[in-house]
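The file target-v7.cif contains mmCIF, C-alpha atoms:
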data_target
loop_
_atom_site.label_atom_id
_atom_site.label_comp_id
_atom_site.auth_asym_id
_atom_site.auth_seq_id
_atom_site.Cartn_x
_atom_site.Cartn_y
_atom_site.Cartn_z
CA MET A 63 2.53 22.42 22.75
CA SER A 64 0.68 22.84 19.47
CA ALA A 65 -1.83 25.59 18.83
CA LEU A 66 -5.54 24.86 18.91
CA LEU A 67 -7.67 26.70 16.36
CA ASN A 68 -11.40 26.87 15.81
CA HIS A 69 -13.06 26.75 12.38
CA ALA A 70 -12.61 30.52 11.91
CA GLY A 71 -8.87 30.40 12.60
CA VAL A 72 -9.04 31.85 16.09
CA VAL A 73 -6.63 30.46 18.68
CA ILE A 74 -8.61 28.92 21.51
CA SER A 75 -7.52 27.58 24.87
CA ASP A 76 -7.76 23.87 25.42
CA ALA A 77 -9.95 23.06 28.41
CA TYR A 78 -9.34 19.32 27.93
CA THR A 79 -6.55 17.07 29.19
CA LEU A 80 -5.72 13.97 27.14
CA LEU A 81 -5.53 10.95 29.45
CA ALA A 82 -3.61 7.78 28.76
CA ASP A 83 -5.60 4.59 29.30
CA ASP A 84 -3.60 3.80 32.44
CA ALA A 85 -3.59 7.37 33.86
CA ALA A 86 -5.55 8.17 37.00
CA LEU A 87 -8.78 10.03 36.42
CA PRO A 88 -8.49 13.55 37.86
CA GLY A 89 -11.09 14.70 40.35
CA SER A 90 -12.10 17.63 38.17
CA GLY A 91 -11.53 19.14 34.76
CA ALA A 92 -12.47 18.16 31.24
CA VAL A 93 -10.72 15.09 29.87
CA ILE A 94 -10.24 13.22 26.60
CA VAL A 95 -10.20 9.43 26.83
CA SER A 96 -9.74 6.73 24.23
CA LEU A 97 -12.73 4.79 22.97
CA THR A 98 -11.29 1.72 24.70
CA ARG A 99 -11.24 3.51 28.06
CA TRP A 100 -14.71 4.95 27.50
CA GLN A 101 -16.10 1.47 26.80
CA ALA A 102 -14.42 0.06 29.92
CA GLU A 103 -15.39 2.90 32.27
CA ALA A 104 -18.48 4.45 30.67
CA THR A 105 -20.59 4.54 33.82
CA LEU A 106 -17.87 6.19 35.90
CA LEU A 107 -16.92 8.66 33.17
CA ALA A 108 -20.52 9.60 32.33
CA ALA A 109 -21.18 10.36 36.00
CA ARG A 110 -18.45 13.03 36.11
CA SER A 111 -19.57 16.62 36.41
CA ALA A 112 -16.81 17.77 34.04
CA PRO A 113 -16.97 17.11 30.29
CA VAL A 114 -15.54 13.89 28.87
CA ALA A 115 -14.55 13.70 25.20
CA VAL A 116 -13.67 10.52 23.33
CA LYS A 117 -10.71 10.08 21.00
CA LEU A 118 -11.32 7.75 18.08
CA ALA A 119 -8.65 5.91 16.15
CA ASN A 120 -9.08 6.31 12.41
CA THR A 121 -9.81 2.58 12.19
CA VAL A 122 -13.08 2.88 14.14
CA ASP A 123 -16.29 2.46 12.16
CA VAL A 124 -18.22 5.47 13.45
CA LEU A 125 -21.50 4.01 12.24
CA THR A 126 -21.21 1.40 15.01
CA LEU A 127 -20.72 3.88 17.88
CA ASN A 128 -23.19 3.71 20.73
CA ALA A 129 -25.44 6.64 21.53
CA ASP A 130 -23.50 7.33 24.73
CA VAL A 131 -20.36 8.05 22.70
CA LEU A 132 -22.28 10.25 20.27
CA ALA A 133 -23.66 12.18 23.25
CA ARG A 134 -20.16 13.35 24.25
CA PRO A 135 -19.55 17.10 23.80
CA MET A 136 -16.46 16.46 21.67
CA LEU A 137 -15.02 13.68 19.55
CA VAL A 138 -11.33 13.76 18.62
CA LEU A 139 -10.36 12.20 15.30
CA ASP A 140 -6.82 10.98 14.66
CA PHE A 141 -5.03 12.01 11.47
CA PRO A 142 -1.81 9.98 11.88
CA ALA A 143 -0.35 10.32 8.38
CA PHE A 144 -0.76 12.58 5.37
CA GLY A 145 -1.77 9.74 3.04
CA ASP A 146 -4.37 8.24 5.38
CA GLY A 147 -7.78 9.81 4.77
CA ARG A 148 -9.98 7.60 6.93
CA ALA A 149 -10.60 10.33 9.51
CA TYR A 150 -12.08 12.52 6.76
CA SER A 151 -14.64 9.79 6.13
CA GLN A 152 -15.29 9.48 9.85
CA ALA A 153 -16.03 13.21 10.11
CA ARG A 154 -18.42 13.17 7.15
CA ARG A 155 -20.26 10.14 8.48
CA LEU A 156 -20.55 11.66 11.95
CA ARG A 157 -22.05 14.82 10.51
CA ASP A 158 -24.13 13.33 7.71
CA ARG A 159 -25.49 10.07 9.08
CA ASP A 160 -25.36 10.33 12.84
CA LEU A 161 -26.22 14.01 12.98
CA TYR A 162 -23.47 14.60 15.54
CA LYS A 163 -23.80 18.20 16.74
CA GLY A 164 -20.82 18.40 19.08
CA VAL A 165 -17.28 19.53 18.42
CA ILE A 166 -15.12 17.39 16.15
CA ARG A 167 -11.42 18.03 16.75
CA ALA A 168 -8.68 16.94 14.35
CA SER A 169 -5.40 15.86 15.96
CA GLY A 170 -2.29 14.08 14.80
CA ALA A 171 0.66 14.38 12.45
CA ALA A 172 -1.45 15.26 9.40
CA VAL A 173 -3.18 18.32 10.88
CA VAL A 174 -1.29 20.71 8.64
CA ALA A 175 -2.03 24.01 6.91
CA ASP A 176 -2.81 22.60 3.48
CA GLN A 177 -5.37 20.14 4.85
CA LEU A 178 -7.40 22.53 7.04
CA ALA A 179 -9.83 23.68 4.35
CA MET A 180 -10.77 20.08 3.46
CA MET A 181 -11.10 19.16 7.12
CA THR A 182 -13.50 22.06 7.57
CA ARG A 183 -15.55 20.94 4.56
CA CYS A 184 -15.89 17.49 6.16
CA GLY A 185 -17.38 18.94 9.36
CA ILE A 186 -14.34 19.33 11.61
CA ASN A 187 -14.46 22.49 13.67
CA GLU A 188 -11.34 22.37 15.90
CA PHE A 189 -7.75 21.74 14.87
CA ALA A 190 -4.85 20.73 17.12
CA LEU A 191 -2.06 21.77 14.77
CA ARG A 192 1.10 19.76 14.30
CA GLU A 193 3.94 21.44 16.20
CA ASP A 194 5.83 22.68 13.13
CA GLN A 195 2.89 24.41 11.44
CA PRO A 196 3.07 28.18 10.95
CA LEU A 197 0.26 29.61 13.03
CA ALA A 198 -0.35 32.69 10.86
CA LEU A 199 -0.70 30.60 7.69
CA CYS A 200 -3.12 28.19 9.39
CA GLN A 201 -5.20 31.08 10.69
CA GLN A 202 -5.25 32.70 7.26
CA THR A 203 -6.28 29.41 5.63
CA LEU A 204 -9.23 28.96 7.98
CA ALA A 205 -10.34 32.60 7.88
CA ALA A 206 -10.06 33.01 4.08
CA GLN A 207 -13.12 33.45 1.91
CA LYS A 208 -13.58 30.15 0.08
CA PRO A 209 -14.64 30.03 -3.59
CA LEU A 210 -17.79 28.11 -4.42
CA PRO A 211 -16.91 24.40 -4.43
CA TYR A 212 -17.95 21.92 -7.09
CA GLN A 213 -19.06 19.26 -4.61
CA PRO A 214 -21.47 19.71 -1.70
CA ALA A 215 -20.04 19.02 1.75
CA ARG A 216 -20.71 19.71 5.43
CA ASP A 217 -19.62 23.33 5.40
CA VAL A 218 -22.10 26.11 4.76
CA SER A 219 -20.88 26.81 1.22
CA ARG A 220 -23.28 26.23 -1.64
CA ALA A 221 -21.90 24.23 -4.52
CA VAL A 222 -21.48 25.87 -7.93
CA PHE A 223 -24.42 23.97 -9.43
CA ALA A 224 -26.75 25.38 -6.75
CA ALA A 225 -25.67 28.93 -7.53
CA ARG A 226 -26.56 28.70 -11.21
CA GLY A 227 -29.69 30.57 -12.15
#

Translate the structure of the given file into structure tokens.
Amino acid sequence: MSALLNHAGVVISDAYTLLADDAALPGSGAVIVSLTRWQAEATLLAARSAPVAVKLANTVDVLTLNADVLARPMLVLDFPAFGDGRAYSQARRLRDRDLYKGVIRASGAAVVADQLAMMTRCGINEFALREDQPLALCQQTLAAQKPLPYQPARDVSRAVFAARG
């Protein structure tokens, strides 16, 4: 099982269970379902007393998501390959245009130490690390003081141009 880190690099426990589309819905406990399953069973899933998160493929246009999906407490973005940056764009759009306030979790094969800082800048605040990633390095990367960036982003850092007097 891979480690789950928050935006500060702290290991957190995962309260959610990822369900396959054909898996039975448990009677209790927080779950993560695919967008396809959410769309098919939205009424049933929304009526649950436990939290339901939605996992989005990186091919989903997040600007077309319904309000009921954006009301979920967590959205999980898929980073399937190192060279595929579509989930970065999804995160920025969710934060910038839709004003999504919930947790955005990064998962997949490209959730690696050298990508965590950029994921944070795009508005992602939980990271399900790839199995082979060194936990201490990932924690250090997330906890490190970041220099002033040149471009504005979703993190709280001011850009260099804003710091000039």

Hey, what's within 8 Å of A:Cys200 if we count only C-alpha atoms and toss same-chain stuff fewer than 2 positions away? As a PyMOL selection string, please? chain A and resi 71+174-175+178+195-198+202-204

Got time to write the residues from that selection, C-alpha atoms, as an mmCIF file, keeping the file's coordinate frame?
data_model
loop_
_atom_site.group_PDB
_atom_site.id
_atom_site.type_symbol
_atom_site.label_atom_id
_atom_site.label_comp_id
_atom_site.auth_asym_id
_atom_site.auth_seq_id
_atom_site.Cartn_x
_atom_site.Cartn_y
_atom_site.Cartn_z
ATOM 1 C CA GLY A 71 -8.870 30.400 12.600
ATOM 2 C CA VAL A 174 -1.290 20.710 8.640
ATOM 3 C CA ALA A 175 -2.030 24.010 6.910
ATOM 4 C CA LEU A 178 -7.400 22.530 7.040
ATOM 5 C CA GLN A 195 2.890 24.410 11.440
ATOM 6 C CA PRO A 196 3.070 28.180 10.950
ATOM 7 C CA LEU A 197 0.260 29.610 13.030
ATOM 8 C CA ALA A 198 -0.350 32.690 10.860
ATOM 9 C CA GLN A 202 -5.250 32.700 7.260
ATOM 10 C CA THR A 203 -6.280 29.410 5.630
ATOM 11 C CA LEU A 204 -9.230 28.960 7.980
#

Atomic separation - atom CA of A:Ala143 relative to atom CA of A:Gly91, Å: 30.0 Å

I'd like to know which of A:Ala179, A:Arg99, A:Gln152, A:Ser64 is closest to A:Ala86, using all atoms listed in the file. A:Arg99

Write out as a tab-separated table the residues of stretch 128-225 of chain A that have any atom within 6 Å of an atom of stretch 114-120 of chain A, one row each with the nearest atom pair and its distance in Å to one decimal, counting all atoms listed in the file, sorted by chain and then rising number.
residue	atom	partner	partner_atom	distance
A:Arg134	CA	A:Ala115	CA	5.7
A:Met136	CA	A:Ala115	CA	4.9
A:Leu137	CA	A:Val116	CA	5.1
A:Val138	CA	A:Lys117	CA	4.4
A:Leu139	CA	A:Leu118	CA	5.3
A:Asp140	CA	A:Ala119	CA	5.6
A:Arg148	CA	A:Asn120	CA	5.7
A:Ala149	CA	A:Asn120	CA	5.2

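Remark: for A:Glu188, the closest of the candidate residues A:Ala109, A:Val173, A:Leu161, A:Ile166 is A:Ile166 (distances computed over all atoms listed in the file).
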
Which of these residues is nearest to A:Ala65, using all atoms listed in the file: A:Leu80, A:Ala215, A:Ala190, A:Ala205?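 For A:Ala65, the nearest of the given residues is A:Ala190.
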
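Pairwise distance (atom CA of A:Thr79, atom CA of A:Pro142) equals 19.3 Å.
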
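With atom CA of A:Ala153 on one side and atom CA of A:Gly185 on the other, the separation reads 5.9 Å.
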
Sphere at (-12.0, 14.4, 37.6), radius 10 Å, counting all atoms listed in the file: residues as a ChimeraX atom specification: /A:86-93,107,110-114

Please provide the set of residues having any atom within 10 Å of A:Asn187, restricted to only C-alpha atoms, with same-chain residues fewer than 3 positions apart removed, written as a compact mmCIF listing (two decimals) with C-alpha atoms, in the coordinates of the input.
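Saved file selection-v6.txt follows:
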# COMPACT_ATOMS: atom_id res chain seq x y z
CA LEU A 67 -7.67 26.70 16.36
CA ASN A 68 -11.40 26.87 15.81
CA HIS A 69 -13.06 26.75 12.38
CA ALA A 70 -12.61 30.52 11.91
CA GLY A 71 -8.87 30.40 12.60
CA GLY A 164 -20.82 18.40 19.08
CA VAL A 165 -17.28 19.53 18.42
CA ILE A 166 -15.12 17.39 16.15
CA ARG A 167 -11.42 18.03 16.75
CA ALA A 168 -8.68 16.94 14.35
CA LEU A 178 -7.40 22.53 7.04
CA MET A 181 -11.10 19.16 7.12
CA THR A 182 -13.50 22.06 7.57
CA ARG A 183 -15.55 20.94 4.56
CA CYS A 184 -15.89 17.49 6.16
CA ASP A 217 -19.62 23.33 5.40

Of the listed residues A:Met180, A:Ser169, A:Asp194, A:Tyr162, that which approaches A:Val131 most closely, counting all atoms listed in the file: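 Between A:Met180, A:Ser169, A:Asp194, A:Tyr162, the residue approaching A:Val131 most closely is A:Tyr162.
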
Take the PyMOL selection byres ((chain A and resi 98) around 12), apply it to the structure above, and return the hits as a list in words.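 That selection, the PyMOL selection byres ((chain A and resi 98) around 12), comes back as Leu81, Ala82, Asp83, Asp84, Ile94, Val95, Ser96, Leu97, Arg99, Trp100, Gln101, Ala102, Glu103, Ala104, Val116, Lys117, Leu118, Ala119, Val122, Leu127 and Val131 of chain A.
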
Pick from A:Ser75, A:Asn128, A:Gln201, A:Ser151 nearest to A:Ile186, counting only C-alpha atoms: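 Ranked by minimum distance to A:Ile186, first place goes to A:Ser151.
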
Using only C-alpha atoms, can you tell me which of A:Leu132, A:Val124, A:Ala206, A:Ala85 comes closest to A:Tyr150?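 Smallest distance to A:Tyr150 is found for A:Val124.
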
Please, what is the axis-aligned box for every listed atom of stretch 195-205 of chain A with 5 Å on each side, as centre and edge lengths in Å to one decimal, as AutoDock Vina command-line options?
--center_x -3.6 --center_y 28.6 --center_z 9.3 --size_x 23.4 --size_y 18.3 --size_z 17.4
